[in-house]
Structure formats: C-alpha cells, structure tokens
$ cat model.pdb   # PDB, C-alpha atoms
ATOM      1  CA  MET A 752     125.653 137.209  99.710
ATOM      2  CA  THR A 753     123.921 140.126  98.026
ATOM      3  CA  GLN A 754     123.594 140.837  94.322
ATOM      4  CA  LEU A 755     123.329 144.130  92.480
ATOM      5  CA  ASN A 756     121.083 143.913  89.414
ATOM      6  CA  ASP A 757     122.160 145.924  86.387
ATOM      7  CA  HIS A 758     121.819 144.631  82.827
ATOM      8  CA  PRO A 759     121.525 141.300  80.980
ATOM      9  CA  LEU A 760     125.151 141.540  79.848
ATOM     10  CA  SER A 761     126.323 141.601  83.473
ATOM     11  CA  SER A 762     123.073 141.153  85.309
ATOM     12  CA  VAL A 763     124.451 140.686  88.805
ATOM     13  CA  THR A 764     127.464 141.761  90.803
ATOM     14  CA  PRO A 765     127.916 139.299  93.680
ATOM     15  CA  LEU A 766     129.032 140.878  96.949
ATOM     16  CA  GLY A 767     129.684 138.727  99.987
ATOM     17  CA  ASN A 768     131.480 138.437 103.309
ATOM     18  CA  HIS A 769     132.876 135.000 102.474
ATOM     19  CA  ALA A 770     135.488 134.019  99.918
ATOM     20  CA  GLU A 771     133.068 131.592  98.245
ATOM     21  CA  CYS A 772     131.259 134.508  96.585
ATOM     22  CA  LEU A 773     134.255 134.883  94.251
ATOM     23  CA  THR A 774     133.277 131.669  92.453
ATOM     24  CA  GLU A 775     130.300 133.591  91.006
ATOM     25  CA  ILE A 776     132.727 135.148  88.497
ATOM     26  CA  LEU A 777     132.488 131.869  86.564
ATOM     27  CA  ARG A 778     128.906 132.711  85.595
ATOM     28  CA  ASN A 779     128.377 134.117  82.109
ATOM     29  CA  ASP A 780     126.294 137.035  83.414
ATOM     30  CA  VAL A 781     128.848 138.197  86.003
ATOM     31  CA  ASN A 782     131.694 140.617  85.254
ATOM     32  CA  LEU A 783     132.650 141.471  88.846
ATOM     33  CA  ALA A 784     132.635 139.523  92.115
ATOM     34  CA  VAL A 785     133.665 141.134  95.399
ATOM     35  CA  TRP A 786     134.610 139.549  98.719
ATOM     36  CA  GLN A 787     134.271 142.253 101.368
ATOM     37  CA  ARG A 788     136.721 141.946 104.262
ATOM     38  CA  ASN A 789     137.585 143.927 107.368
ATOM     39  CA  LEU A 790     140.979 145.557 107.689
ATOM     40  CA  SER A 791     143.439 143.523 109.741
ATOM     41  CA  SER A 792     145.398 145.168 112.540
ATOM     42  CA  CYS A 793     148.181 142.664 111.800
ATOM     43  CA  TRP A 794     148.923 144.441 108.525
ATOM     44  CA  GLN A 795     148.115 148.068 109.276
ATOM     45  CA  SER A 796     151.404 149.236 110.763
ATOM     46  CA  PHE A 797     153.362 147.311 108.115
ATOM     47  CA  ILE A 798     151.311 148.816 105.289
ATOM     48  CA  ASN A 799     151.756 152.360 106.599
ATOM     49  CA  GLU A 800     155.527 151.998 106.967
ATOM     50  CA  PHE A 801     155.839 150.225 103.609
ATOM     51  CA  CYS A 802     153.997 153.020 101.787
ATOM     52  CA  VAL A 803     155.977 155.791 103.469
ATOM     53  CA  LYS A 804     159.336 154.185 102.703
ATOM     54  CA  ALA A 805     158.458 153.012  99.196
ATOM     55  CA  GLY A 806     157.380 156.328  97.691
ATOM     56  CA  ASN A 807     156.374 155.045  94.251
ATOM     57  CA  LEU A 808     156.965 151.349  93.725
ATOM     58  CA  GLU A 809     156.010 148.811  91.070
ATOM     59  CA  ARG A 810     157.059 145.172  91.223
ATOM     60  CA  PHE A 811     156.066 142.311  88.935
ATOM     61  CA  THR A 812     156.846 138.639  89.506
ATOM     62  CA  ARG A 813     155.740 135.430  87.818
ATOM     63  CA  LEU A 814     154.741 132.957  90.507
ATOM     64  CA  GLU A 815     154.668 129.240  89.884
ATOM     65  CA  ILE A 816     152.609 126.938  92.111
ATOM     66  CA  GLY A 817     153.952 127.036  95.671
ATOM     67  CA  GLN A 818     156.030 130.196  95.267
ATOM     68  CA  SER A 819     155.537 133.098  97.682
ATOM     69  CA  ALA A 820     154.776 136.757  97.060
ATOM     70  CA  ALA A 821     157.932 137.479  99.054
ATOM     71  CA  LEU A 822     159.830 136.894  95.795
ATOM     72  CA  ALA A 823     158.447 140.188  94.479
ATOM     73  CA  LEU A 824     159.721 142.289  97.373
ATOM     74  CA  PRO A 825     163.144 143.775  98.139
ATOM     75  CA  SER A 826     164.854 142.805 101.380
ATOM     76  CA  TRP A 827     164.106 146.129 103.085
ATOM     77  CA  VAL A 828     160.375 145.473 102.762
ATOM     78  CA  LEU A 829     160.699 141.979 104.205
ATOM     79  CA  ALA A 830     162.510 143.469 107.215
ATOM     80  CA  ILE A 831     159.551 145.678 108.209
ATOM     81  CA  GLU A 832     157.726 144.363 111.261
ATOM     82  CA  GLY A 833     154.518 142.605 110.246
ATOM     83  CA  ALA A 834     155.621 141.912 106.679
ATOM     84  CA  ASN A 835     155.129 138.186 107.181
ATOM     85  CA  HIS A 836     151.435 138.634 108.068
ATOM     86  CA  TRP A 837     150.764 140.682 104.942
ATOM     87  CA  ILE A 838     152.713 138.302 102.705
ATOM     88  CA  ASP A 839     150.713 135.387 104.150
ATOM     89  CA  ASP A 840     147.507 137.136 103.107
ATOM     90  CA  VAL A 841     148.769 137.803  99.581
ATOM     91  CA  ASP A 842     149.924 134.184  99.326
ATOM     92  CA  GLN A 843     146.427 133.041 100.281
ATOM     93  CA  LEU A 844     144.955 135.179  97.518
ATOM     94  CA  VAL A 845     147.433 133.711  95.036
ATOM     95  CA  ASP A 846     146.441 130.199  96.149
ATOM     96  CA  MET A 847     142.751 131.018  95.753
ATOM     97  CA  TYR A 848     143.333 132.417  92.280
ATOM     98  CA  GLN A 849     145.292 129.321  91.254
ATOM     99  CA  CYS A 850     142.623 126.978  92.630
ATOM    100  CA  LEU A 851     139.789 128.843  90.920
ATOM    101  CA  PHE A 852     141.289 129.261  87.443
ATOM    102  CA  GLU A 853     144.193 126.770  87.289
ATOM    103  CA  PRO A 854     146.543 129.017  85.288
ATOM    104  CA  GLU A 855     150.017 127.818  84.380
ATOM    105  CA  ALA A 856     151.391 130.649  86.516
ATOM    106  CA  VAL A 857     150.178 133.806  88.255
ATOM    107  CA  GLY A 858     151.509 137.277  87.531
ATOM    108  CA  LEU A 859     151.749 139.292  90.757
ATOM    109  CA  ARG A 860     151.889 143.085  90.579
ATOM    110  CA  ILE A 861     152.492 145.199  93.671
ATOM    111  CA  HIS A 862     151.996 148.951  93.396
ATOM    112  CA  VAL A 863     152.550 151.765  95.851
ATOM    113  CA  LEU A 864     151.032 154.796  94.125
ATOM    114  CA  GLN A 865     151.246 158.473  94.958
ATOM    115  CA  GLN A 866     149.285 159.450  91.834
ATOM    116  CA  THR A 867     146.419 158.009  89.804
ATOM    117  CA  MET A 868     147.626 155.059  87.727
ATOM    118  CA  CYS A 869     144.793 154.672  85.176
ATOM    119  CA  PRO A 870     142.439 157.687  85.517
ATOM    120  CA  ARG A 871     140.397 156.936  82.372
ATOM    121  CA  PHE A 872     137.667 154.310  82.321
ATOM    122  CA  HIS A 873     138.929 151.263  80.434
ATOM    123  CA  VAL A 874     138.669 147.491  80.069
ATOM    124  CA  ASP A 875     141.477 144.993  80.613
ATOM    125  CA  ARG A 876     142.735 142.723  77.818
ATOM    126  CA  VAL A 877     143.035 139.785  80.210
ATOM    127  CA  PRO A 878     140.762 136.845  81.082
ATOM    128  CA  VAL A 879     140.248 137.804  84.730
ATOM    129  CA  ARG A 880     142.197 139.998  87.140
ATOM    130  CA  LEU A 881     142.197 139.936  90.934
ATOM    131  CA  LEU A 882     142.598 143.318  92.640
ATOM    132  CA  CYS A 883     142.939 144.156  96.314
ATOM    133  CA  THR A 884     143.604 147.680  97.570
ATOM    134  CA  TYR A 885     145.179 147.446 101.013
ATOM    135  CA  ARG A 886     145.512 151.177 101.550
ATOM    136  CA  GLY A 887     143.683 154.115 100.008
ATOM    137  CA  PRO A 888     140.518 154.199  97.909
ATOM    138  CA  GLY A 889     139.588 151.109  95.928
ATOM    139  CA  THR A 890     139.104 150.716  92.186
ATOM    140  CA  GLU A 891     136.121 152.527  90.655
ATOM    141  CA  TRP A 892     133.759 150.809  88.194
ATOM    142  CA  LEU A 893     130.584 151.356  86.215
ATOM    143  CA  PRO A 894     127.414 149.249  86.192
ATOM    144  CA  GLU A 895     126.755 147.926  82.709
ATOM    145  CA  SER A 896     123.597 150.003  82.382
ATOM    146  CA  LEU A 897     125.762 153.153  82.472
ATOM    147  CA  VAL A 898     128.482 151.961  80.084
ATOM    148  CA  THR A 899     128.849 153.305  76.561
ATOM    149  CA  ARG A 900     130.377 150.572  74.380
ATOM    150  CA  PRO A 901     131.979 151.113  70.959
ATOM    151  CA  THR A 902     129.722 150.259  68.049
ATOM    152  CA  ASP A 903     132.499 149.425  65.592
ATOM    153  CA  GLY A 904     134.846 147.302  67.680
ATOM    154  CA  GLY A 905     137.102 150.295  68.338
ATOM    155  CA  PRO A 906     138.431 151.611  71.646
ATOM    156  CA  LEU A 907     136.129 152.276  74.570
ATOM    157  CA  PRO A 908     134.721 155.805  74.232
ATOM    158  CA  LYS A 909     134.791 158.381  76.993
ATOM    159  CA  GLN A 910     132.136 157.534  79.558
ATOM    160  CA  SER A 911     129.407 160.025  80.465
ATOM    161  CA  ALA A 912     128.494 158.676  83.919
ATOM    162  CA  GLN A 913     128.169 161.275  86.655
ATOM    163  CA  PRO A 914     130.410 161.054  89.754
ATOM    164  CA  ALA A 915     127.501 159.927  91.930
ATOM    165  CA  GLN A 916     126.889 156.975  89.584
ATOM    166  CA  VAL A 917     130.419 155.606  89.821
ATOM    167  CA  ARG A 918     130.790 152.654  92.178
ATOM    168  CA  GLN A 919     133.861 151.751  94.199
ATOM    169  CA  ILE A 920     135.358 148.512  95.462
ATOM    170  CA  PRO A 921     135.920 148.836  99.233
ATOM    171  CA  THR A 922     139.416 149.037 100.669
ATOM    172  CA  ASN A 923     140.758 145.563 101.557
ATOM    173  CA  ALA A 924     138.013 143.841  99.538
ATOM    174  CA  VAL A 925     139.104 141.144  97.099
ATOM    175  CA  ALA A 926     137.661 141.663  93.633
ATOM    176  CA  LEU A 927     137.679 139.565  90.478
ATOM    177  CA  LEU A 928     137.265 141.639  87.320
ATOM    178  CA  LYS A 929     136.417 139.814  84.109
ATOM    179  CA  GLY A 930     138.273 141.164  81.072
ATOM    180  CA  GLU A 931     138.051 141.081  77.301
ATOM    181  CA  ALA A 932     140.132 137.903  76.949
ATOM    182  CA  TRP A 933     137.678 135.730  78.905
ATOM    183  CA  GLU A 934     136.145 133.316  76.419
ATOM    184  CA  GLY A 935     132.773 134.672  75.315
ATOM    185  CA  ASN A 936     133.351 138.056  76.969
ATOM    186  CA  GLU A 937     134.907 139.868  74.033
ATOM    187  CA  GLY A 938     133.668 143.453  73.944
ATOM    188  CA  LYS A 939     132.097 143.041  77.385
ATOM    189  CA  GLY A 940     134.948 143.477  79.884
ATOM    190  CA  LEU A 941     134.260 145.306  83.149
ATOM    191  CA  VAL A 942     134.677 149.070  82.742
ATOM    192  CA  HIS A 943     136.777 150.499  85.571
ATOM    193  CA  ARG A 944     139.471 153.028  86.491
ATOM    194  CA  SER A 945     141.925 153.938  89.234
ATOM    195  CA  PRO A 946     140.745 156.512  91.787
ATOM    196  CA  SER A 947     142.716 159.517  92.957
ATOM    197  CA  PRO A 948     144.891 158.668  96.004
ATOM    198  CA  ASN A 949     143.571 161.875  97.636
ATOM    199  CA  GLY A 950     146.956 162.858  99.000
ATOM    200  CA  SER A 951     147.767 159.514 100.598
ATOM    201  CA  PRO A 952     149.599 156.637  98.890
ATOM    202  CA  ARG A 953     147.643 153.588  97.737
ATOM    203  CA  LEU A 954     148.885 150.021  98.114
ATOM    204  CA  ILE A 955     147.303 147.660  95.616
ATOM    205  CA  ILE A 956     148.056 144.176  94.338
ATOM    206  CA  GLY A 957     146.920 142.592  91.103
ATOM    207  CA  LEU A 958     146.949 138.958  90.017
ATOM    208  CA  ASP A 959     146.830 137.907  86.377
ATOM    209  CA  TRP A 960     146.455 134.622  84.516
ATOM    210  CA  LEU A 961     149.746 133.719  82.831
ATOM    211  CA  SER A 962     150.607 130.994  80.374
ATOM    212  CA  SER A 963     153.966 129.791  79.076
TER     213      SER A 963
END

$ encode --input "model.pdb" --output "structure tokens"
Amino acid sequence: MTQLNDHPLSSVTPLGNHAECLTEILRNDVNLAVWQRNLSSCWQSFINEFCVKAGNLERFTRLEIGQSAALALPSWVLAIEGANHWIDDVDQLVDMYQCLFEPEAVGLRIHVLQQTMCPRFHVDRVPVRLLCTYRGPGTEWLPESLVTRPTDGGPLPKQSAQPAQVRQIPTNAVALLKGEAWEGNEGKGLVHRSPSPNGSPRLIIGLDWLSS
C-alpha cells in the first residue's frame, strides 16, 4: 500500500491493490482511501450494453443486510448477459461497506450518466460514501493542501486549483470518501466533483450509510 502525503488535516491518502487498504478510512487523518482494481472481462460486455440501452438512468434502493443490488434494477437489465457477475461484485462491495461501518441499512445509487452530474467541487453531507466508477472517468478530487475552505462556516467557495493539480480516482477502483457528517470531520469533508463523461456514458455506483 502506498500513501500520498498532503496536509495534517488529511495527511495521507491510502492507495492499495488489496481491499484491506479501505480500513484506513477509519483513521482521523484520512479523508480518502482507494482500492485499485483491474477491470474484469466478466463485466465489460454487460456494462457496455447496459449503458447503451439505459441512456440516462438513476436508481436508488435501501438495502437491508442480506439483500441484493438486483433489487435496484429493472428486469431488462437483469436479462443482459453477464448481469449476474456485475451484481455479484456490487453485492460484495455492499457487504464490505456493511462490515466496515455497521450501518442500519445501505443506500445504493446506480447512475448511468451522459452528462456531468456534479461539475462543481463540493463536499458531501454524509459520514462516508463508497464510489466505484465501472465505466468512464472516475471521480476527481483535490489534495487538502490545494483546498480553499470557508472561513465563516458557509458554503465551500470556488476552488482555484489548476487542471493539472486535480487528481482522479481510477476507473473500477473502490473509493471511500469521508464527508462532513463523520464525527469529528465537520468542515473537513473530502473536496471532489464529477468529471466530464467525454462523450461516453459513465456507470457509477454509490453506497451511503442509512439509519432508520
């Protein structure tokens, strides 16, 4: 596992080729942990067909322990060859998220995007969010040393980082992004944004910590 040093507020960003690196998000000085994975040929044809047929799609489902991501998908998606392999992967990510944080339930979002969803740098008002981009460019983020924070508790101001300074989560990597609602992380959430799809649809999932 490697670590990128930035700033005392978020002094390291753990990057690793094994899922265990995601546990580093529990550290007070970590706002982002990334598990880098290779693309799977088992999913590729399914993902391409799914994105072409879906156009723009947004699905949200509350998953209790033991429930499958298949609940979030319409029947036509489940009928695409290879859907079961991709759903198995998403289910594994849901299981990992539940084991790591023990939420009452997990909120699963599935997006197929033809346009940029959140083009402005922002922070999330959640404890911690899991993101995985299966197709297209991954989420962009800023090292803490380049972030301009509000001085009065107001909204995050426009960021002045240059394009070359913006970092990007690799496609198919699993990332945990710490938000503003994490205890002790108020005013310190990871600053990130959605990239441009560059003419090709993106497929991205997000997992959130839900309570009753």

$ closest_atom_pairs --input "model.pdb" --of "region 789-836 of chain A" --to "region 924-941 of chain A" --cutoff "12 Å" --atoms "only C-alpha atoms" --output "tab-separated table"
residue	atom	partner	partner_atom	distance
A:Asn789	CA	A:Ala924	CA	7.8
A:Leu790	CA	A:Ala924	CA	8.8
A:Ser791	CA	A:Ala924	CA	11.6

$ atom_distance --input "model.pdb" --atom1 "CA of Arg860 (chain A)" --atom2 "CA of Val845 (chain A)"
11.3 Å

$ closest_residue --input "model.pdb" --among "A:Gln787, A:Gln916, A:Gln910, A:Gln843" --to "His769 (chain A)" --atoms "all atoms listed in the file"
A:Gln787

$ resolve_selection --input "model.pdb" --expression "the PyMOL selection byres ((chain A and resi 815-826) around 8)" --output "MDAnalysis selection string"
chainID A and resid 810:814 827:830 838 841:842 849 855:857 859 861

$ closest_residue --input "model.pdb" --among "A:Leu864, A:Val917, A:Leu851, A:Val785" --to "Ser951 (chain A)" --atoms "only C-alpha atoms"
A:Leu864

$ atom_distance --input "model.pdb" --atom1 "CA of His943 (chain A)" --atom2 "CA of Asp903 (chain A)"
20.5 Å

$ axis_aligned_box --input "model.pdb" --around "region 885-896 of chain A" --padding-each-side "5 Å" --output "lines of an AutoDock Vina configuration file"
center_x = 134.6
center_y = 150.8
center_z = 92.0
size_x = 31.9
size_y = 16.8
size_z = 29.2

$ residues_around --input "model.pdb" --residues "Arg953 (chain A)" --least-positions-apart "5" --cutoff "12 Å" --atoms "only C-alpha atoms" --output "ChimeraX atom specification"
/A:798-799,801-803,805-809,861-868,883-890,922-923,945-948

$ closest_residue --input "model.pdb" --among "A:Lys804, A:Glu832, A:Glu853, A:Pro765" --to "Ser962 (chain A)" --atoms "all atoms listed in the file"
A:Glu853
